[in-house]
Amino acid sequence: MPIFMDLHIVPGISAKDAAEAHREDLKIQDQYGCRCMTYWVDEERGSAFCLIDAPDKDAVRQLHDRAHGLIPHEIIKVNSNVVEAFLGRIQDPRGFKDLADPDLKIFNDPAFRVILVAKTKNIRLLQHCLGKDKAVHLLSLNNQITRAQLSKFEGRNVELQGAGFVASFLSVSQAVQCALAIQKNLHVAAELIDLRIGIHAGMPVSNDHTIFGNVVNMASYLCWIGEENQIVISSMIHELYKEDTQTLNDNSRIRSTNASEENFLKSLMNTLGENWQNHDFNINVFSEKMSMSKSQLYRKCTALTGMSPNTLLREYRLLKSLRMLESDRNIMQTAFEVGFGNPSYFTNCFHKKFGLHPKTYLKYLD
């Protein structure tokens, strides 16, 4: 059966409240063909999350409604391995019992996590620029250093397809210090591989329908606006890192965004994500979908990303083309699929951006 994670927003909820609700679920779970695996509760943020092996979402709703009446606000389908990678467990932690009620397991384990996303230049492009041996060596060094620092700062590596290097942390301090340590240990290699790091935080369930989807996406978006070898942190991370504001203010390798910039960035990247394959998607349509004038879009986009909307769109499409070429190996088809109406123009843009022609890039795939 599939596994689901749900979100309950319950202002004022306590760890005991969550434990009692979970116990009521366990009493009748068999009637709905469910297996209640565990839960997380966050007293500070008034939320609880349940992990349930169930036939479908309706069974989860009906179980909760009958057991205690707390119907979930959101339910998403999840992979248990990914849940464990992000949150550290898929069953109740050991050793938690109420002495006055031995059948009740009370634990306050928030599901709030700090997510670090690190991205580097495509390996084939690195091979073209630096040679195969050096490119492989630098990426291997990056992998070794990153994993070593994750271990040191208690970060959890999460394998997500196409998301870059993703790690989950319990604290903001651990995530920021880990990012700084990776930069420091890589030294000049970080610039050679174009290392970019984004850090954001949040809850596992949202309207994105994937676990920590909105959080991972924002951390990834932050990688678009940083300079080479720069860590970009969200306003939430900046706020939570108050105990060491001096580090943020004095370190040129760290850039923080404000809420307004993040809202614009999210809208910008979501609009690109929904329209980049459309040949007719141009600056006029772009500004219309962003609900702003062309001049306003140009000004805000350039200020935040350092690129005009047209340049950003072209860069977005070209980066998408790398993955498509790896699977299709058809230049003309890829050109059309990534939104270029003319294969020759695609080839010229590809060469200008990456320093090699698509045909040459295909040779690195062999």
# chains A, B, ... in the order shown; residues from 1 in each chain; ligands from 1

$ residues_around --residues "region 335-343 of chain A" --least-positions-apart "5" --cutoff "8 Å" --atoms "only C-alpha atoms" --output "JSON list (two decimals) with C-alpha atoms, in the first residue's frame"
[["chain", "number", "residue", "atom", "x", "y", "z"],
["A", 276, "TRP", "CA", 9.66, 27.38, -20.60],
["A", 277, "GLN", "CA", 8.69, 24.79, -23.24],
["A", 278, "ASN", "CA", 6.17, 27.11, -24.91],
["A", 279, "HIS", "CA", 7.66, 28.59, -28.11],
["A", 317, "ARG", "CA", 15.98, 26.68, -21.29],
["A", 318, "LEU", "CA", 19.63, 25.95, -22.03],
["A", 320, "LYS", "CA", 17.09, 22.14, -19.29],
["A", 321, "SER", "CA", 18.50, 21.19, -22.68]]

$ residues_around --residues "region 262-270 of chain A" --least-positions-apart "4" --cutoff "8 Å" --atoms "only C-alpha atoms" --output "list in words"
Met218, Tyr221, Ser234, Thr257, Asn258, Glu274, Met290 and Leu304 of chain A

$ select_by_dssp --residues "region 102-242 of chain A" --states "strand (DSSP E or B)" --output "number ranges by chain"
A: 113-119, 156-158, 165-169, 196-202, 230-233

$ closest_residue --among "A:Ile199, A:Ala118, A:Val82, A:Leu126" --to "Ile182 (chain A)" --atoms "only C-alpha atoms"
A:Ala118

$ closest_atom_pairs --of "region 183-257 of chain A" --to "region 35-57 of chain A" --cutoff "12 Å" --atoms "only C-alpha atoms" --output "Markdown table"
| residue | atom | partner | partner_atom | distance |
| --- | --- | --- | --- | --- |
| A:Gly202 | CA | A:Arg45 | CA | 10.7 |
| A:Met203 | CA | A:Ser47 | CA | 9.4 |
| A:Pro204 | CA | A:Phe49 | CA | 8.5 |
| A:Val205 | CA | A:Phe49 | CA | 8.1 |
| A:Ser206 | CA | A:Phe49 | CA | 11.2 |
| A:Ile211 | CA | A:Phe49 | CA | 11.5 |

$ write_last_selection --atoms "N, CA and C atoms" --output "PDB file, in the first residue's frame"
ATOM      1  N   GLY A 202      11.495  24.869   6.679  1.00  0.00           N
ATOM      2  CA  GLY A 202      10.046  24.772   6.677  1.00  0.00           C
ATOM      3  C   GLY A 202       9.548  23.401   7.081  1.00  0.00           C
ATOM      4  N   MET A 203       8.256  23.166   6.802  1.00  0.00           N
ATOM      5  CA  MET A 203       7.566  21.934   7.185  1.00  0.00           C
ATOM      6  C   MET A 203       7.520  20.939   6.023  1.00  0.00           C
ATOM      7  N   PRO A 204       7.310  19.651   6.324  1.00  0.00           N
ATOM      8  CA  PRO A 204       7.355  18.637   5.264  1.00  0.00           C
ATOM      9  C   PRO A 204       6.142  18.587   4.348  1.00  0.00           C
ATOM     10  N   VAL A 205       4.980  19.056   4.808  1.00  0.00           N
ATOM     11  CA  VAL A 205       3.758  18.941   4.008  1.00  0.00           C
ATOM     12  C   VAL A 205       3.231  20.319   3.661  1.00  0.00           C
ATOM     13  N   SER A 206       2.986  20.526   2.376  1.00  0.00           N
ATOM     14  CA  SER A 206       2.411  21.783   1.914  1.00  0.00           C
ATOM     15  C   SER A 206       1.592  21.481   0.667  1.00  0.00           C
ATOM     16  N   ILE A 211       7.142  15.824  -0.322  1.00  0.00           N
ATOM     17  CA  ILE A 211       7.673  16.106   1.003  1.00  0.00           C
ATOM     18  C   ILE A 211       8.769  17.168   0.936  1.00  0.00           C
TER      19      ILE A 211
END

$ select_by_dssp --residues "region 158-311 of chain A" --states "helix (DSSP H, G or I)" --output "MDAnalysis selection string"
chainID A and resid 172:186 188:192 213:225 235:240 242:250 259:275 283:289 294:305 309:311

$ closest_residue --among "A:Lys16, A:Lys363, A:Arg156, A:Lys294" --to "Val83 (chain A)" --atoms "only C-alpha atoms"
A:Arg156

$ closest_residue --among "A:Ser291, A:Gln29, A:Thr347, A:Thr271" --to "Arg61 (chain A)" --atoms "only C-alpha atoms"
A:Gln29

$ residues_around --residues "His357 (chain A)" --least-positions-apart "4" --cutoff "8 Å" --atoms "only C-alpha atoms" --output "PyMOL selection string"
chain A and resi 347-348+350-351+361

$ atom_distance --atom1 "CA of Lys352 (chain A)" --atom2 "CA of Thr305 (chain A)"
19.2 Å

$ atom_distance --atom1 "CA of Leu325 (chain A)" --atom2 "CA of Asp133 (chain A)"
22.6 Å

$ closest_atom_pairs --of "region 161-249 of chain A" --to "region 128-132 of chain A" --cutoff "12 Å" --atoms "only C-alpha atoms" --output "JSON lines"
{"residue": "A:Ala189", "atom": "CA", "partner": "A:Leu130", "partner_atom": "CA", "distance": 11.6}
{"residue": "A:Leu192", "atom": "CA", "partner": "A:Leu130", "partner_atom": "CA", "distance": 8.8}
{"residue": "A:Ile193", "atom": "CA", "partner": "A:Leu130", "partner_atom": "CA", "distance": 9.7}

$ write_last_selection --atoms "C-alpha atoms" --output "mmCIF file, in the first residue's frame"
data_model
loop_
_atom_site.group_PDB
_atom_site.id
_atom_site.type_symbol
_atom_site.label_atom_id
_atom_site.label_comp_id
_atom_site.auth_asym_id
_atom_site.auth_seq_id
_atom_site.Cartn_x
_atom_site.Cartn_y
_atom_site.Cartn_z
ATOM 1 C CA ALA A 189 37.950 24.423 -6.139
ATOM 2 C CA LEU A 192 36.164 26.098 -10.449
ATOM 3 C CA ILE A 193 33.084 23.891 -10.072
#

$ residues_around --residues "His200 (chain A)" --least-positions-apart "5" --cutoff "10 Å" --atoms "only C-alpha atoms" --output "CSV table (one decimal) with N, CA and C atoms, in the first residue's frame"
chain,number,residue,atom,x,y,z
A,113,ARG,N,12.5,21.4,9.5
A,113,ARG,CA,13.8,21.1,9.2
A,113,ARG,C,14.4,22.3,8.3
A,114,VAL,N,15.8,22.4,8.5
A,114,VAL,CA,16.5,23.4,7.7
A,114,VAL,C,17.1,22.6,6.5
A,115,ILE,N,16.8,23.1,5.3
A,115,ILE,CA,17.2,22.4,4.1
A,115,ILE,C,18.3,23.1,3.3
A,116,LEU,N,19.4,22.5,3.0
A,116,LEU,CA,20.5,23.0,2.3
A,116,LEU,C,20.6,22.3,0.9
A,117,VAL,N,20.6,23.2,-0.1
A,117,VAL,CA,20.8,22.6,-1.5
A,117,VAL,C,22.1,23.2,-2.1
A,172,VAL,N,19.5,25.7,12.3
A,172,VAL,CA,20.0,26.7,11.4
A,172,VAL,C,21.5,26.8,11.5
A,175,ALA,N,23.4,24.1,9.7
A,175,ALA,CA,23.3,24.2,8.3
A,175,ALA,C,24.3,25.3,7.8
A,214,ASN,N,8.2,22.6,-1.2
A,214,ASN,CA,8.3,24.0,-1.3
A,214,ASN,C,9.6,24.5,-0.7
A,215,VAL,N,10.1,23.8,0.3
A,215,VAL,CA,11.3,24.2,1.0
A,215,VAL,C,12.5,23.9,0.1
A,216,VAL,N,12.6,22.7,-0.5
A,216,VAL,CA,13.7,22.4,-1.4
A,216,VAL,C,13.6,23.3,-2.6
A,217,ASN,N,12.4,23.6,-3.2
A,217,ASN,CA,12.4,24.4,-4.3
A,217,ASN,C,12.9,25.8,-4.0
A,218,MET,N,12.6,26.4,-2.9
A,218,MET,CA,13.1,27.7,-2.6
A,218,MET,C,14.6,27.7,-2.4
A,219,ALA,N,15.1,26.7,-1.7
A,219,ALA,CA,16.5,26.6,-1.5
A,219,ALA,C,17.2,26.5,-2.9
A,220,SER,N,16.6,25.8,-3.8
A,220,SER,CA,17.2,25.7,-5.2
A,220,SER,C,17.1,27.0,-5.9
A,222,LEU,N,17.2,29.9,-4.6
A,222,LEU,CA,18.2,30.8,-4.1
A,222,LEU,C,19.6,30.6,-4.8
A,232,VAL,N,23.5,31.6,-0.2
A,232,VAL,CA,22.3,32.5,-0.2
A,232,VAL,C,21.3,31.9,0.8
A,233,ILE,N,21.0,32.7,1.8
A,233,ILE,CA,20.0,32.2,2.9
A,233,ILE,C,18.7,33.0,2.8
A,234,SER,N,17.6,32.4,3.1
A,234,SER,CA,16.3,33.0,3.1
A,234,SER,C,16.2,33.9,4.3
A,235,SER,N,15.1,34.7,4.3
A,235,SER,CA,14.9,35.6,5.4
A,235,SER,C,14.5,34.9,6.7
A,236,MET,N,13.9,33.7,6.5
A,236,MET,CA,13.6,32.8,7.7
A,236,MET,C,14.9,32.4,8.3
A,237,ILE,N,15.9,32.0,7.5
A,237,ILE,CA,17.2,31.5,8.1
A,237,ILE,C,17.9,32.7,8.8
A,238,HIS,N,17.8,33.8,8.2
A,238,HIS,CA,18.5,35.0,8.8
A,238,HIS,C,17.8,35.3,10.1

$ residues_around --residues "Leu362 (chain A)" --least-positions-apart "2" --cutoff "10 Å" --atoms "only C-alpha atoms" --output "list of chain:residue names"
A:Arg124, A:Leu322, A:Leu325, A:Glu326, A:Arg329, A:Asn330, A:Ile331, A:His357, A:Pro358, A:Lys359, A:Thr360, A:Tyr364, A:Leu365, A:Asp366

$ atom_distance --atom1 "CA of His73 (chain A)" --atom2 "CA of Lys27 (chain A)"
22.1 Å

$ closest_residue --among "A:Phe165, A:Val78, A:Lys134, A:Glu315" --to "Arg147 (chain A)" --atoms "only C-alpha atoms"
A:Phe165

$ residues_around --residues "Glu228 (chain A)" --least-positions-apart "4" --cutoff "10 Å" --atoms "only C-alpha atoms" --output "list in words"
Thr120, Ala190, Glu191, Leu192, Ile193, Asp194, Leu195, Arg196, Ile197, Cys223 and Arg253 of chain A

$ write_last_selection --atoms "C-alpha atoms" --output "CSV table (one decimal), in the first residue's frame"
chain,number,residue,atom,x,y,z
A,120,THR,CA,27.7,22.6,-9.2
A,190,ALA,CA,34.6,25.9,-5.2
A,191,GLU,CA,34.9,28.6,-7.8
A,192,LEU,CA,36.2,26.1,-10.4
A,193,ILE,CA,33.1,23.9,-10.1
A,194,ASP,CA,30.8,26.9,-9.7
A,195,LEU,CA,29.5,25.8,-6.3
A,196,ARG,CA,26.3,27.6,-5.2
A,197,ILE,CA,24.4,26.9,-2.0
A,223,CYS,CA,21.1,29.2,-6.0
A,253,ARG,CA,30.3,34.8,1.2

$ residues_around --residues "region 149-152 of chain A" --least-positions-apart "3" --cutoff "7 Å" --atoms "only C-alpha atoms" --output "VMD selection string"
chain A and resid 145 to 146 155 to 156 178 181 to 182

$ closest_residue --among "A:Ser256, A:Glu74, A:Met332, A:Gln174" --to "Ile9 (chain A)" --atoms "only C-alpha atoms"
A:Glu74
